[in-house]
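Engineer: Before we start, here is the structure in question, set down as structure tokens.
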Amino acid sequence: MLFLEERGRVSRLTIILGTLAGVFAGFSLAVLLTLLAGVSLASVLGSLIYTYTSSSAIASILALSGPIAGSAIGLTIAYRARFITIASEGQVIAGAIVVLWLLAYSGFKMGPLEGFILSLFLSGFVGASIGFLVALLKVKLYVNEILSSLMINYIILVVANYIIGGPFREGPFAITRSVPHEYRVSFTLIPLVTGLITLALWILMFRSKLGLAVEAYGRAPKAAETYGHDPSRIIFSVALISGFSAGVGGALMMLGFQHSMSPMSVFPGYGYMGVLVAWLSANNPLAAFVSSLFISSIAVYGRLLQASGVPLGYVLGAQALIVLSALTAVTLVKYRVRWL
Amino acid sequence: MVSLELLLAALSMAAPIMIAALGELLLERTGRVNLGVEGMMAFGASLSIMVTSISGSPAMGLLGGLVGGLIIALVYVAAALALKIDQIVVGLLIVFLGIGLADLLAAAGHTIAPALTPWSPTHVTVIFLTLAAPIALWILLYRTWAGVEIRAIGTDELAARERGLRVDLARTIAALAGGVAAGVAGAYMALTLYNGKYFSGLTAGWGWLAIGSVILGFWNPIGVAIAGYSIGLLILLRPYTISLGVPSYIAHSTPYIAVLIALIIVSRLARSPRWKPPKTL
């Protein structure tokens, strides 16, 4: 029988190096899979080099990191409280739809700056509302948040497709209007916004009473409750924060690179990528910000490989493989595997 | 009007949810959960289409799906059971990994295969096994020593270990059985419900509906089968609800909304000691 034996004190540097080694191993495996799928070595190497050296690919990495980081940074706080919501996917979609309504359908006249700020707040509000619903189901009705948030994601997808193909339909094809040019933002602004969210949530997590309560509750819920931390308040707080952040991610997606929408047969996946980033970064907001750039680069690499016949579904699979490999490496750094 | 034809059609539709849910139930009774059912189903579906396309036999395709689910379940066994990585994290990673690998496999050129014709001998066998499985599982859990051991492990892991029960072995077997069930369920979806086709997003959340069925059925094989069947019936009735004037987006959301409402009811009931899930879950 297998069992794990603790190696004793392991330094933070060793854990970071272990994580990086795991990421590298997972990344190598993901690349190997594309070769096994029949993609030529030249295409794989060419796409890899292009992803990390060309200015247009780097611009795409920064742009795609918006919804990924938006989801991930908020989730780091939620997961620290052991509130395992997956609603970020639906929150990104809902945030994007509401921004599209505000800027392309509502008819409100506003300048680019007002439009930008209002988009962030409105999408954040919608994301937080979804988070509130998931928290309400958990706290008041005891519903498991993983399942409820996933069901809500599917409902949001169906409703979003109805809005896109119905009230928002523009012309003979099922495609919406585009976000007007004056409201679109440059890819350089996106990491700036997610960087500010990171900073705000880092301060909230490590320099505030709420952060302390979240940490205590996540580690030992019963002890935290005994010491006067209200579990309901903690869960509602992290649900609202993570929902707001993911909703803003949806706004960044719409303002940064998506601009218009067509019916989705599968989830776009940015919210799910945020879930992966949160785990890859061990629920640290700063690490999540950096990791989201890396995970975004895998998405760009996957998109480049689409020309060689690699499906888009590969992207999430490759990212999952990398995270699984990193978690395995960290376990092996901390523990020795023994046979009994 | 409820007819035998409708009830049988619902059974054919519900079969993958019922099969996957019963596999997951067995694992959950040992006190562990694998949220990766959706990924195991997707990989099973893709591999079954590849095997059927090469062999020309849907029966072989079902076997391929079984192997596909088993392969992905091995990832769960290695990561969650052997290395003790958080089972929730591993389960969700398996969802993405399974779907990604399934799409990649399909991109290699096998997306169409001969379908498993409804009510052909192989299909009837699958349906028969789907109906027999909850009864067999009920007998296993409540009328055999192995079942007593499984339930003991799910109720109190430490006591089970002290009594000399092989907790890790039981969980490994249950996890692999769950993978096999999910793989067959995915293969059935691709070969029967989608007429021998694989496409990205094929499983459409049915793996999650299967996990929901386990909770809705209060971790009892008969209850889980009834829950899975009811969800299948709701899915089958979607076109009828649209024809009655219900907006299509509401009709398409019905299974997810129904599961959400049912979860609310069940979660309240589960507060009473009589309906509690396995304690170590």
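Naming scheme: A, B, ... for chains in displayed order of the structure tokens; residues 1 onward per chain; ligands 1 onward as shown.
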Pick out the chain B residues within 8 Å of chain A. Count only C-alpha atoms. Give them as JSON, numbers by chain.

Structural biologist: {"B": [79, 82, 83, 85, 89, 90, 93, 94, 96, 97, 98, 99, 100, 101, 103, 104, 105, 107, 108, 200, 201, 205, 208, 212, 249, 250, 252, 253, 256, 257, 259, 260, 263, 264, 267, 268]}

Engineer: Extract, using only C-alpha atoms, all DNA, RNA and protein residues at most 7 Å from Pro255 of chain B, discarding same-chain residues fewer than 6 positions from it, and format them as a list in words.

Structural biologist: Ile231, Leu234 and Ile235 of chain B

Engineer: Once you have the residues from the selection above, write them out as a compact mmCIF listing (two decimals), in the first residue's frame, restricted to N, CA and C atoms.

Structural biologist:
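Output saved as result_16.txt:
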# COMPACT_ATOMS: atom_id res chain seq x y z
N ILE B 231 -34.66 13.02 -14.49
CA ILE B 231 -33.94 14.06 -15.24
C ILE B 231 -33.98 13.73 -16.74
N LEU B 234 -37.26 14.70 -18.11
CA LEU B 234 -37.34 16.16 -18.32
C LEU B 234 -36.64 16.58 -19.61
N ILE B 235 -35.48 15.95 -19.86
CA ILE B 235 -34.74 16.28 -21.09
C ILE B 235 -35.56 15.87 -22.31

Engineer: Using DSSP on the backbone, list every residue of segment 228-281 of chain B that comes out as alpha helix (DSSP H), and give them as a CSV table (one decimal) with all heavy atoms, in the first residue's frame.

Structural biologist:
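File result.csv, as written:
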chain,number,residue,atom,x,y,z
B,228,GLY,N,-32.2,9.9,-11.7
B,228,GLY,CA,-31.6,10.0,-13.0
B,228,GLY,C,-32.6,9.8,-14.1
B,228,GLY,O,-32.6,10.5,-15.1
B,229,TYR,N,-33.6,8.9,-13.8
B,229,TYR,CA,-34.7,8.7,-14.8
B,229,TYR,C,-35.5,9.9,-14.9
B,229,TYR,O,-35.9,10.3,-16.1
B,229,TYR,CB,-35.5,7.5,-14.4
B,229,TYR,CG,-36.6,7.2,-15.3
B,229,TYR,CD1,-36.4,6.4,-16.5
B,229,TYR,CD2,-37.9,7.7,-15.1
B,229,TYR,CE1,-37.4,6.2,-17.4
B,229,TYR,CE2,-38.9,7.4,-16.0
B,229,TYR,CZ,-38.7,6.6,-17.1
B,229,TYR,OH,-39.7,6.4,-18.0
B,230,SER,N,-35.8,10.6,-13.8
B,230,SER,CA,-36.7,11.8,-13.9
B,230,SER,C,-36.0,12.9,-14.7
B,230,SER,O,-36.6,13.6,-15.4
B,230,SER,CB,-36.9,12.3,-12.4
B,230,SER,OG,-37.4,11.2,-11.7
B,231,ILE,N,-34.7,13.0,-14.5
B,231,ILE,CA,-33.9,14.1,-15.2
B,231,ILE,C,-34.0,13.7,-16.7
B,231,ILE,O,-34.2,14.6,-17.6
B,231,ILE,CB,-32.5,14.2,-14.7
B,231,ILE,CG1,-32.5,14.7,-13.3
B,231,ILE,CG2,-31.7,15.1,-15.6
B,231,ILE,CD1,-31.1,14.7,-12.6
B,232,GLY,N,-33.8,12.4,-17.1
B,232,GLY,CA,-33.9,12.0,-18.5
B,232,GLY,C,-35.2,12.3,-19.1
B,232,GLY,O,-35.4,12.8,-20.2
B,233,LEU,N,-36.3,12.1,-18.3
B,233,LEU,CA,-37.7,12.4,-18.7
B,233,LEU,C,-37.8,13.9,-19.0
B,233,LEU,O,-38.4,14.3,-20.0
B,233,LEU,CB,-38.7,11.9,-17.6
B,233,LEU,CG,-40.1,12.0,-18.0
B,233,LEU,CD1,-40.5,11.0,-19.1
B,233,LEU,CD2,-41.0,11.7,-16.8
B,234,LEU,N,-37.3,14.7,-18.1
B,234,LEU,CA,-37.3,16.2,-18.3
B,234,LEU,C,-36.6,16.6,-19.6
B,234,LEU,O,-37.1,17.4,-20.3
B,234,LEU,CB,-36.7,16.9,-17.1
B,234,LEU,CG,-37.5,17.1,-15.9
B,234,LEU,CD1,-36.7,17.7,-14.8
B,234,LEU,CD2,-38.7,18.0,-16.2
B,235,ILE,N,-35.5,15.9,-19.9
B,235,ILE,CA,-34.7,16.3,-21.1
B,235,ILE,C,-35.6,15.9,-22.3
B,235,ILE,O,-35.7,16.6,-23.3
B,235,ILE,CB,-33.4,15.6,-21.1
B,235,ILE,CG1,-32.5,16.2,-20.0
B,235,ILE,CG2,-32.7,15.8,-22.4
B,235,ILE,CD1,-31.2,15.4,-19.7
B,236,LEU,N,-36.2,14.7,-22.2
B,236,LEU,CA,-37.0,14.2,-23.3
B,236,LEU,C,-38.2,15.1,-23.6
B,236,LEU,O,-38.6,15.3,-24.8
B,236,LEU,CB,-37.5,12.8,-23.0
B,236,LEU,CG,-38.2,12.1,-24.1
B,236,LEU,CD1,-37.3,11.6,-25.2
B,236,LEU,CD2,-39.0,10.9,-23.6
B,238,ARG,N,-38.4,18.3,-23.3
B,238,ARG,CA,-38.1,19.7,-23.7
B,238,ARG,C,-38.9,20.1,-25.0
B,238,ARG,O,-39.5,21.1,-25.0
B,238,ARG,CB,-36.6,19.9,-23.9
B,238,ARG,CG,-35.9,20.1,-22.6
B,238,ARG,CD,-34.5,20.6,-22.7
B,238,ARG,NE,-33.6,19.6,-23.4
B,238,ARG,CZ,-32.3,19.6,-23.3
B,238,ARG,NH1,-31.7,20.4,-22.5
B,238,ARG,NH2,-31.6,18.8,-24.0
B,239,PRO,N,-38.8,19.3,-26.1
B,239,PRO,CA,-39.5,19.7,-27.3
B,239,PRO,C,-41.0,19.9,-27.1
B,239,PRO,O,-41.7,20.8,-27.6
B,239,PRO,CB,-39.3,18.6,-28.3
B,239,PRO,CG,-38.1,17.8,-27.8
B,239,PRO,CD,-38.1,18.0,-26.3
B,240,TYR,N,-41.6,19.0,-26.2
B,240,TYR,CA,-43.1,19.1,-25.9
B,240,TYR,C,-43.4,20.4,-25.2
B,240,TYR,O,-44.4,21.1,-25.5
B,240,TYR,CB,-43.5,17.9,-25.0
B,240,TYR,CG,-43.4,16.6,-25.7
B,240,TYR,CD1,-42.3,15.8,-25.5
B,240,TYR,CD2,-44.4,16.1,-26.5
B,240,TYR,CE1,-42.2,14.5,-26.1
B,240,TYR,CE2,-44.3,14.9,-27.2
B,240,TYR,CZ,-43.2,14.1,-26.9
B,240,TYR,OH,-43.0,12.9,-27.6
B,241,THR,N,-42.5,20.8,-24.2
B,241,THR,CA,-42.7,22.0,-23.5
B,241,THR,C,-42.6,23.2,-24.4
B,241,THR,O,-43.4,24.2,-24.3
B,241,THR,CB,-41.7,22.2,-22.3
B,241,THR,OG1,-40.4,22.0,-22.8
B,241,THR,CG2,-42.0,21.3,-21.2
B,242,ILE,N,-41.7,23.2,-25.4
B,242,ILE,CA,-41.6,24.3,-26.4
B,242,ILE,C,-42.9,24.4,-27.2
B,242,ILE,O,-43.5,25.4,-27.4
B,242,ILE,CB,-40.4,24.1,-27.3
B,242,ILE,CG1,-39.1,24.3,-26.4
B,242,ILE,CG2,-40.4,25.1,-28.4
B,242,ILE,CD1,-37.8,23.9,-27.2
B,243,SER,N,-43.4,23.2,-27.6
B,243,SER,CA,-44.6,23.2,-28.4
B,243,SER,C,-45.8,23.7,-27.6
B,243,SER,O,-46.8,24.1,-28.2
B,243,SER,CB,-44.9,21.8,-29.0
B,243,SER,OG,-45.3,20.9,-27.9
B,248,SER,N,-38.1,28.8,-25.6
B,248,SER,CA,-37.1,27.7,-25.8
B,248,SER,C,-36.0,27.8,-24.8
B,248,SER,O,-35.5,26.7,-24.3
B,248,SER,CB,-36.5,27.7,-27.2
B,248,SER,OG,-35.8,28.9,-27.4
B,249,TYR,N,-35.5,29.0,-24.4
B,249,TYR,CA,-34.4,29.1,-23.5
B,249,TYR,C,-34.8,28.6,-22.1
B,249,TYR,O,-34.0,28.0,-21.4
B,249,TYR,CB,-33.9,30.5,-23.4
B,249,TYR,CG,-34.8,31.6,-22.8
B,249,TYR,CD1,-34.7,31.9,-21.5
B,249,TYR,CD2,-35.8,32.2,-23.6
B,249,TYR,CE1,-35.5,32.9,-20.9
B,249,TYR,CE2,-36.6,33.1,-23.0
B,249,TYR,CZ,-36.5,33.5,-21.7
B,249,TYR,OH,-37.3,34.4,-21.1
B,250,ILE,N,-36.1,28.7,-21.7
B,250,ILE,CA,-36.5,28.2,-20.4
B,250,ILE,C,-36.6,26.7,-20.6
B,250,ILE,O,-36.2,25.9,-19.7
B,250,ILE,CB,-37.9,28.8,-20.0
B,250,ILE,CG1,-37.7,30.3,-19.7
B,250,ILE,CG2,-38.5,28.0,-18.8
B,250,ILE,CD1,-39.0,31.0,-19.3
B,251,ALA,N,-37.1,26.2,-21.7
B,251,ALA,CA,-37.3,24.7,-21.9
B,251,ALA,C,-35.9,24.1,-21.9
B,251,ALA,O,-35.7,23.0,-21.3
B,251,ALA,CB,-38.0,24.5,-23.2
B,252,HIS,N,-34.9,24.7,-22.5
B,252,HIS,CA,-33.6,24.1,-22.5
B,252,HIS,C,-32.9,24.2,-21.2
B,252,HIS,O,-32.0,23.4,-20.9
B,252,HIS,CB,-32.7,24.8,-23.6
B,252,HIS,CG,-33.1,24.4,-25.0
B,252,HIS,ND1,-32.9,23.1,-25.4
B,252,HIS,CD2,-33.6,25.1,-26.0
B,252,HIS,CE1,-33.3,23.0,-26.7
B,252,HIS,NE2,-33.8,24.2,-27.1
B,253,SER,N,-33.3,25.1,-20.4
B,253,SER,CA,-32.7,25.2,-19.0
B,253,SER,C,-33.4,24.3,-18.0
B,253,SER,O,-32.9,24.1,-16.9
B,253,SER,CB,-32.8,26.7,-18.5
B,253,SER,OG,-32.3,27.6,-19.3
B,254,THR,N,-34.5,23.7,-18.4
B,254,THR,CA,-35.4,23.0,-17.5
B,254,THR,C,-34.6,21.9,-16.6
B,254,THR,O,-34.7,22.0,-15.4
B,254,THR,CB,-36.5,22.2,-18.2
B,254,THR,OG1,-37.1,23.2,-19.1
B,254,THR,CG2,-37.5,21.7,-17.2
B,255,PRO,N,-33.7,21.0,-17.2
B,255,PRO,CA,-33.1,20.1,-16.4
B,255,PRO,C,-32.2,20.7,-15.3
B,255,PRO,O,-32.2,20.2,-14.2
B,255,PRO,CB,-32.2,19.3,-17.4
B,255,PRO,CG,-32.7,19.6,-18.7
B,255,PRO,CD,-33.4,20.9,-18.6
B,256,TYR,N,-31.5,21.8,-15.7
B,256,TYR,CA,-30.6,22.5,-14.7
B,256,TYR,C,-31.4,23.2,-13.7
B,256,TYR,O,-31.0,23.1,-12.5
B,256,TYR,CB,-29.7,23.4,-15.5
B,256,TYR,CG,-29.0,22.8,-16.7
B,256,TYR,CD1,-29.3,23.2,-18.0
B,256,TYR,CD2,-28.1,21.8,-16.5
B,256,TYR,CE1,-28.7,22.6,-19.1
B,256,TYR,CE2,-27.5,21.2,-17.6
B,256,TYR,CZ,-27.8,21.6,-18.9
B,256,TYR,OH,-27.2,20.9,-19.9
B,257,ILE,N,-32.5,23.8,-14.1
B,257,ILE,CA,-33.3,24.5,-13.1
B,257,ILE,C,-34.0,23.5,-12.1
B,257,ILE,O,-34.0,23.6,-10.9
B,257,ILE,CB,-34.5,25.3,-13.8
B,257,ILE,CG1,-33.8,26.5,-14.6
B,257,ILE,CG2,-35.4,25.9,-12.8
B,257,ILE,CD1,-34.8,27.2,-15.5
B,258,ALA,N,-34.4,22.4,-12.7
B,258,ALA,CA,-35.1,21.3,-11.9
B,258,ALA,C,-34.1,20.7,-10.9
B,258,ALA,O,-34.4,20.5,-9.7
B,258,ALA,CB,-35.6,20.2,-12.8
B,259,VAL,N,-32.9,20.5,-11.4
B,259,VAL,CA,-31.8,19.9,-10.5
B,259,VAL,C,-31.6,20.9,-9.3
B,259,VAL,O,-31.4,20.6,-8.2
B,259,VAL,CB,-30.6,19.5,-11.2
B,259,VAL,CG1,-29.4,19.2,-10.3
B,259,VAL,CG2,-30.8,18.3,-12.1
B,260,LEU,N,-31.5,22.2,-9.7
B,260,LEU,CA,-31.2,23.2,-8.7
B,260,LEU,C,-32.3,23.3,-7.7
B,260,LEU,O,-32.0,23.3,-6.4
B,260,LEU,CB,-31.1,24.6,-9.4
B,260,LEU,CG,-30.4,25.7,-8.7
B,260,LEU,CD1,-29.0,25.3,-8.3
B,260,LEU,CD2,-30.3,27.0,-9.6
B,261,ILE,N,-33.6,23.3,-8.1
B,261,ILE,CA,-34.7,23.3,-7.2
B,261,ILE,C,-34.7,22.0,-6.3
B,261,ILE,O,-34.9,22.1,-5.1
B,261,ILE,CB,-36.1,23.4,-7.9
B,261,ILE,CG1,-36.1,24.8,-8.6
B,261,ILE,CG2,-37.3,23.2,-7.0
B,261,ILE,CD1,-37.3,24.9,-9.6
B,262,ALA,N,-34.5,20.9,-7.0
B,262,ALA,CA,-34.4,19.6,-6.2
B,262,ALA,C,-33.3,19.6,-5.2
B,262,ALA,O,-33.5,19.1,-4.1
B,262,ALA,CB,-34.3,18.4,-7.2
B,263,LEU,N,-32.2,20.2,-5.6
B,263,LEU,CA,-31.0,20.3,-4.6
B,263,LEU,C,-31.4,21.1,-3.4
B,263,LEU,O,-31.0,20.7,-2.3
B,263,LEU,CB,-29.8,20.9,-5.3
B,263,LEU,CG,-29.0,20.0,-6.2
B,263,LEU,CD1,-27.9,20.8,-6.9
B,263,LEU,CD2,-28.3,18.9,-5.4
B,264,ILE,N,-32.2,22.1,-3.6
B,264,ILE,CA,-32.6,23.0,-2.5
B,264,ILE,C,-33.5,22.1,-1.5
B,264,ILE,O,-33.3,22.1,-0.3
B,264,ILE,CB,-33.4,24.2,-3.0
B,264,ILE,CG1,-32.4,25.1,-3.8
B,264,ILE,CG2,-34.1,25.0,-1.9
B,264,ILE,CD1,-33.1,26.2,-4.6
B,265,ILE,N,-34.4,21.4,-2.1
B,265,ILE,CA,-35.3,20.6,-1.3
B,265,ILE,C,-34.5,19.5,-0.6
B,265,ILE,O,-34.7,19.3,0.6
B,265,ILE,CB,-36.4,20.0,-2.2
B,265,ILE,CG1,-37.3,21.1,-2.8
B,265,ILE,CG2,-37.3,19.0,-1.4
B,265,ILE,CD1,-38.2,20.6,-4.0
B,266,VAL,N,-33.7,18.8,-1.4
B,266,VAL,CA,-33.0,17.7,-0.8
B,266,VAL,C,-32.0,18.2,0.3
B,266,VAL,O,-31.8,17.5,1.3
B,266,VAL,CB,-32.2,16.9,-1.9
B,266,VAL,CG1,-31.2,16.0,-1.4
B,266,VAL,CG2,-33.2,16.2,-2.8
B,267,SER,N,-31.3,19.3,0.0
B,267,SER,CA,-30.3,19.8,1.0
B,267,SER,C,-31.0,20.2,2.3
B,267,SER,O,-30.4,20.0,3.4
B,267,SER,CB,-29.6,21.1,0.4
B,267,SER,OG,-29.0,20.7,-0.8
B,268,ARG,N,-32.2,20.6,2.3
B,268,ARG,CA,-33.0,20.9,3.5
B,268,ARG,C,-33.3,19.5,4.2
B,268,ARG,O,-33.1,19.4,5.4
B,268,ARG,CB,-34.2,21.6,3.3
B,268,ARG,CG,-34.0,23.1,3.0
B,268,ARG,CD,-35.3,23.9,3.3
B,268,ARG,NE,-35.5,24.2,4.7
B,268,ARG,CZ,-34.9,25.1,5.4
B,268,ARG,NH1,-34.0,25.9,4.8
B,268,ARG,NH2,-35.1,25.3,6.7
B,269,LEU,N,-33.8,18.6,3.4
B,269,LEU,CA,-34.1,17.2,4.0
B,269,LEU,C,-32.8,16.6,4.6
B,269,LEU,O,-32.9,15.9,5.6
B,269,LEU,CB,-34.7,16.3,2.9
B,269,LEU,CG,-36.1,16.6,2.5
B,269,LEU,CD1,-36.5,15.7,1.4
B,269,LEU,CD2,-37.1,16.4,3.7

Engineer: Need to verify the contact set: Tyr142 of chain B, 12 Å, only C-alpha atoms, exclusion of same-chain residues closer than 4 positions in sequence. Can you return it as a list in words?

Structural biologist: Arg29, Pro134, Ile135, Ala136, Leu137, Trp138, Ala146, Gly147, Val148, Glu149, Ile150, Arg151, Ala152, Asn220, Pro221 and Ile222 of chain B

Engineer: What separation in Å, quoted to one decimal, exists between atom CA of Ala80 of chain B and atom CA of Leu92 of chain B?

Structural biologist: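 Between atom CA of Ala80 of chain B and atom CA of Leu92 of chain B the gap works out to 11.4 Å.
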
Engineer: Ala15 of chain B: which residues within 9 Å, counting only C-alpha atoms, same-chain residues fewer than 6 positions away excluded, as a PDB file with N, CA and C atoms, in the first residue's frame?

Structural biologist:
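Writing the result to selection.pdb gives the following:
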ATOM      1  N   VAL B 126     -27.860  -3.019 -22.925  1.00  0.00           N
ATOM      2  CA  VAL B 126     -27.439  -1.865 -22.112  1.00  0.00           C
ATOM      3  C   VAL B 126     -28.598  -1.385 -21.241  1.00  0.00           C
ATOM      4  N   ILE B 127     -29.787  -1.290 -21.843  1.00  0.00           N
ATOM      5  CA  ILE B 127     -30.962  -0.830 -21.088  1.00  0.00           C
ATOM      6  C   ILE B 127     -31.283  -1.811 -19.953  1.00  0.00           C
ATOM      7  N   THR B 130     -28.879  -1.293 -17.270  1.00  0.00           N
ATOM      8  CA  THR B 130     -29.170  -0.032 -16.575  1.00  0.00           C
ATOM      9  C   THR B 130     -30.265  -0.246 -15.536  1.00  0.00           C
ATOM     10  N   LEU B 131     -31.248  -1.065 -15.893  1.00  0.00           N
ATOM     11  CA  LEU B 131     -32.337  -1.345 -14.945  1.00  0.00           C
ATOM     12  C   LEU B 131     -31.899  -2.303 -13.840  1.00  0.00           C
ATOM     13  N   ALA B 185     -21.273   5.388 -20.061  1.00  0.00           N
ATOM     14  CA  ALA B 185     -22.339   6.392 -20.218  1.00  0.00           C
ATOM     15  C   ALA B 185     -22.012   7.353 -21.366  1.00  0.00           C
ATOM     16  N   TYR B 188     -22.374   5.571 -24.671  1.00  0.00           N
ATOM     17  CA  TYR B 188     -23.803   5.422 -25.008  1.00  0.00           C
ATOM     18  C   TYR B 188     -24.356   6.732 -25.592  1.00  0.00           C
ATOM     19  N   MET B 189     -23.970   7.844 -24.975  1.00  0.00           N
ATOM     20  CA  MET B 189     -24.437   9.150 -25.483  1.00  0.00           C
ATOM     21  C   MET B 189     -24.028   9.344 -26.930  1.00  0.00           C
ATOM     22  N   GLY B 228     -32.159   9.923 -11.675  1.00  0.00           N
ATOM     23  CA  GLY B 228     -31.570   9.960 -13.016  1.00  0.00           C
ATOM     24  C   GLY B 228     -32.626   9.807 -14.092  1.00  0.00           C
ATOM     25  N   TYR B 229     -33.575   8.895 -13.843  1.00  0.00           N
ATOM     26  CA  TYR B 229     -34.658   8.669 -14.807  1.00  0.00           C
ATOM     27  C   TYR B 229     -35.518   9.935 -14.948  1.00  0.00           C
ATOM     28  N   GLY B 232     -33.808  12.443 -17.064  1.00  0.00           N
ATOM     29  CA  GLY B 232     -33.877  12.014 -18.472  1.00  0.00           C
ATOM     30  C   GLY B 232     -35.243  12.317 -19.067  1.00  0.00           C
TER      31      GLY B 232
END

Engineer: As an exercise, work out the distance from atom CA of Ala73 of chain B to atom CA of Gly23 of chain B in Å and give it to one decimal place.

Structural biologist: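 Those two atoms sit 11.3 Å apart.
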
Engineer: Could you pull the residues within 12 Å of Ser106 of chain A, counting only C-alpha atoms, minus those fewer than 2 positions along the same chain, as an MDAnalysis selection string?

Structural biologist: chainID A and resid 97:104 108:110 115 168 177 179

Engineer: Excluding Arg184 of chain A and any residue of its chain fewer than 3 positions from it, enumerate the residues within 9 Å of it, using only C-alpha atoms, and give them as a ChimeraX atom specification.

Structural biologist: /A:112,116,179-181,254-257,259

Engineer: Excluding same-chain residues fewer than 3 positions from Leu17 of chain A, what lies within 12 Å of it counting only C-alpha atoms, as a list of chain:residue names?

Structural biologist: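 Near neighbours after the sequence-gap exclusion: A:Val10, A:Ser11, A:Arg12, A:Leu13, A:Thr14, A:Leu20, A:Ala21, A:Gly22, A:Val23, A:Phe24, A:Ala326, A:Ala329, A:Val330, A:Leu332, A:Val333.
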
Engineer: Can I get the selection written as a PDB file, in the first residue's frame, with N, CA and C atoms?

Structural biologist:
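Result file is again07.pdb:
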ATOM      1  N   VAL A  10       9.955  22.198   4.847  1.00  0.00           N
ATOM      2  CA  VAL A  10      10.324  22.493   3.451  1.00  0.00           C
ATOM      3  C   VAL A  10      10.220  24.004   3.254  1.00  0.00           C
ATOM      4  N   SER A  11      11.299  24.608   2.730  1.00  0.00           N
ATOM      5  CA  SER A  11      11.299  26.067   2.580  1.00  0.00           C
ATOM      6  C   SER A  11      10.347  26.508   1.475  1.00  0.00           C
ATOM      7  N   ARG A  12       9.947  27.783   1.552  1.00  0.00           N
ATOM      8  CA  ARG A  12       9.029  28.329   0.547  1.00  0.00           C
ATOM      9  C   ARG A  12       9.681  28.305  -0.833  1.00  0.00           C
ATOM     10  N   LEU A  13      10.993  28.549  -0.881  1.00  0.00           N
ATOM     11  CA  LEU A  13      11.719  28.548  -2.160  1.00  0.00           C
ATOM     12  C   LEU A  13      11.649  27.163  -2.814  1.00  0.00           C
ATOM     13  N   THR A  14      11.820  26.119  -1.981  1.00  0.00           N
ATOM     14  CA  THR A  14      11.753  24.749  -2.519  1.00  0.00           C
ATOM     15  C   THR A  14      10.378  24.477  -3.121  1.00  0.00           C
ATOM     16  N   LEU A  20       7.385  25.212 -10.146  1.00  0.00           N
ATOM     17  CA  LEU A  20       7.882  25.555 -11.483  1.00  0.00           C
ATOM     18  C   LEU A  20       8.301  24.301 -12.250  1.00  0.00           C
ATOM     19  N   ALA A  21       8.937  23.360 -11.534  1.00  0.00           N
ATOM     20  CA  ALA A  21       9.336  22.102 -12.189  1.00  0.00           C
ATOM     21  C   ALA A  21       8.096  21.343 -12.660  1.00  0.00           C
ATOM     22  N   GLY A  22       7.064  21.336 -11.821  1.00  0.00           N
ATOM     23  CA  GLY A  22       5.802  20.671 -12.184  1.00  0.00           C
ATOM     24  C   GLY A  22       5.154  21.340 -13.382  1.00  0.00           C
ATOM     25  N   VAL A  23       5.163  22.667 -13.394  1.00  0.00           N
ATOM     26  CA  VAL A  23       4.597  23.419 -14.524  1.00  0.00           C
ATOM     27  C   VAL A  23       5.354  23.065 -15.800  1.00  0.00           C
ATOM     28  N   PHE A  24       6.669  23.016 -15.703  1.00  0.00           N
ATOM     29  CA  PHE A  24       7.487  22.697 -16.888  1.00  0.00           C
ATOM     30  C   PHE A  24       7.181  21.278 -17.386  1.00  0.00           C
ATOM     31  N   ALA A 326       1.719  20.449 -11.574  1.00  0.00           N
ATOM     32  CA  ALA A 326       2.300  21.339 -10.547  1.00  0.00           C
ATOM     33  C   ALA A 326       1.886  20.887  -9.145  1.00  0.00           C
ATOM     34  N   ALA A 329       3.804  17.831  -8.215  1.00  0.00           N
ATOM     35  CA  ALA A 329       5.196  18.160  -7.871  1.00  0.00           C
ATOM     36  C   ALA A 329       5.285  18.723  -6.459  1.00  0.00           C
ATOM     37  N   VAL A 330       4.344  19.601  -6.106  1.00  0.00           N
ATOM     38  CA  VAL A 330       4.364  20.199  -4.757  1.00  0.00           C
ATOM     39  C   VAL A 330       4.156  19.100  -3.699  1.00  0.00           C
ATOM     40  N   LEU A 332       4.995  15.975  -3.995  1.00  0.00           N
ATOM     41  CA  LEU A 332       6.224  15.168  -3.922  1.00  0.00           C
ATOM     42  C   LEU A 332       7.362  15.923  -3.227  1.00  0.00           C
ATOM     43  N   VAL A 333       7.302  17.258  -3.290  1.00  0.00           N
ATOM     44  CA  VAL A 333       8.306  18.065  -2.577  1.00  0.00           C
ATOM     45  C   VAL A 333       8.062  17.965  -1.068  1.00  0.00           C
TER      46      VAL A 333
END

Engineer: In Å, with one decimal, what is the gap from atom CA of Gly183 of chain B to atom CA of Trp145 of chain B?

Structural biologist: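 Value for the atom CA of Gly183 of chain B-atom CA of Trp145 of chain B distance: 27.7 Å.
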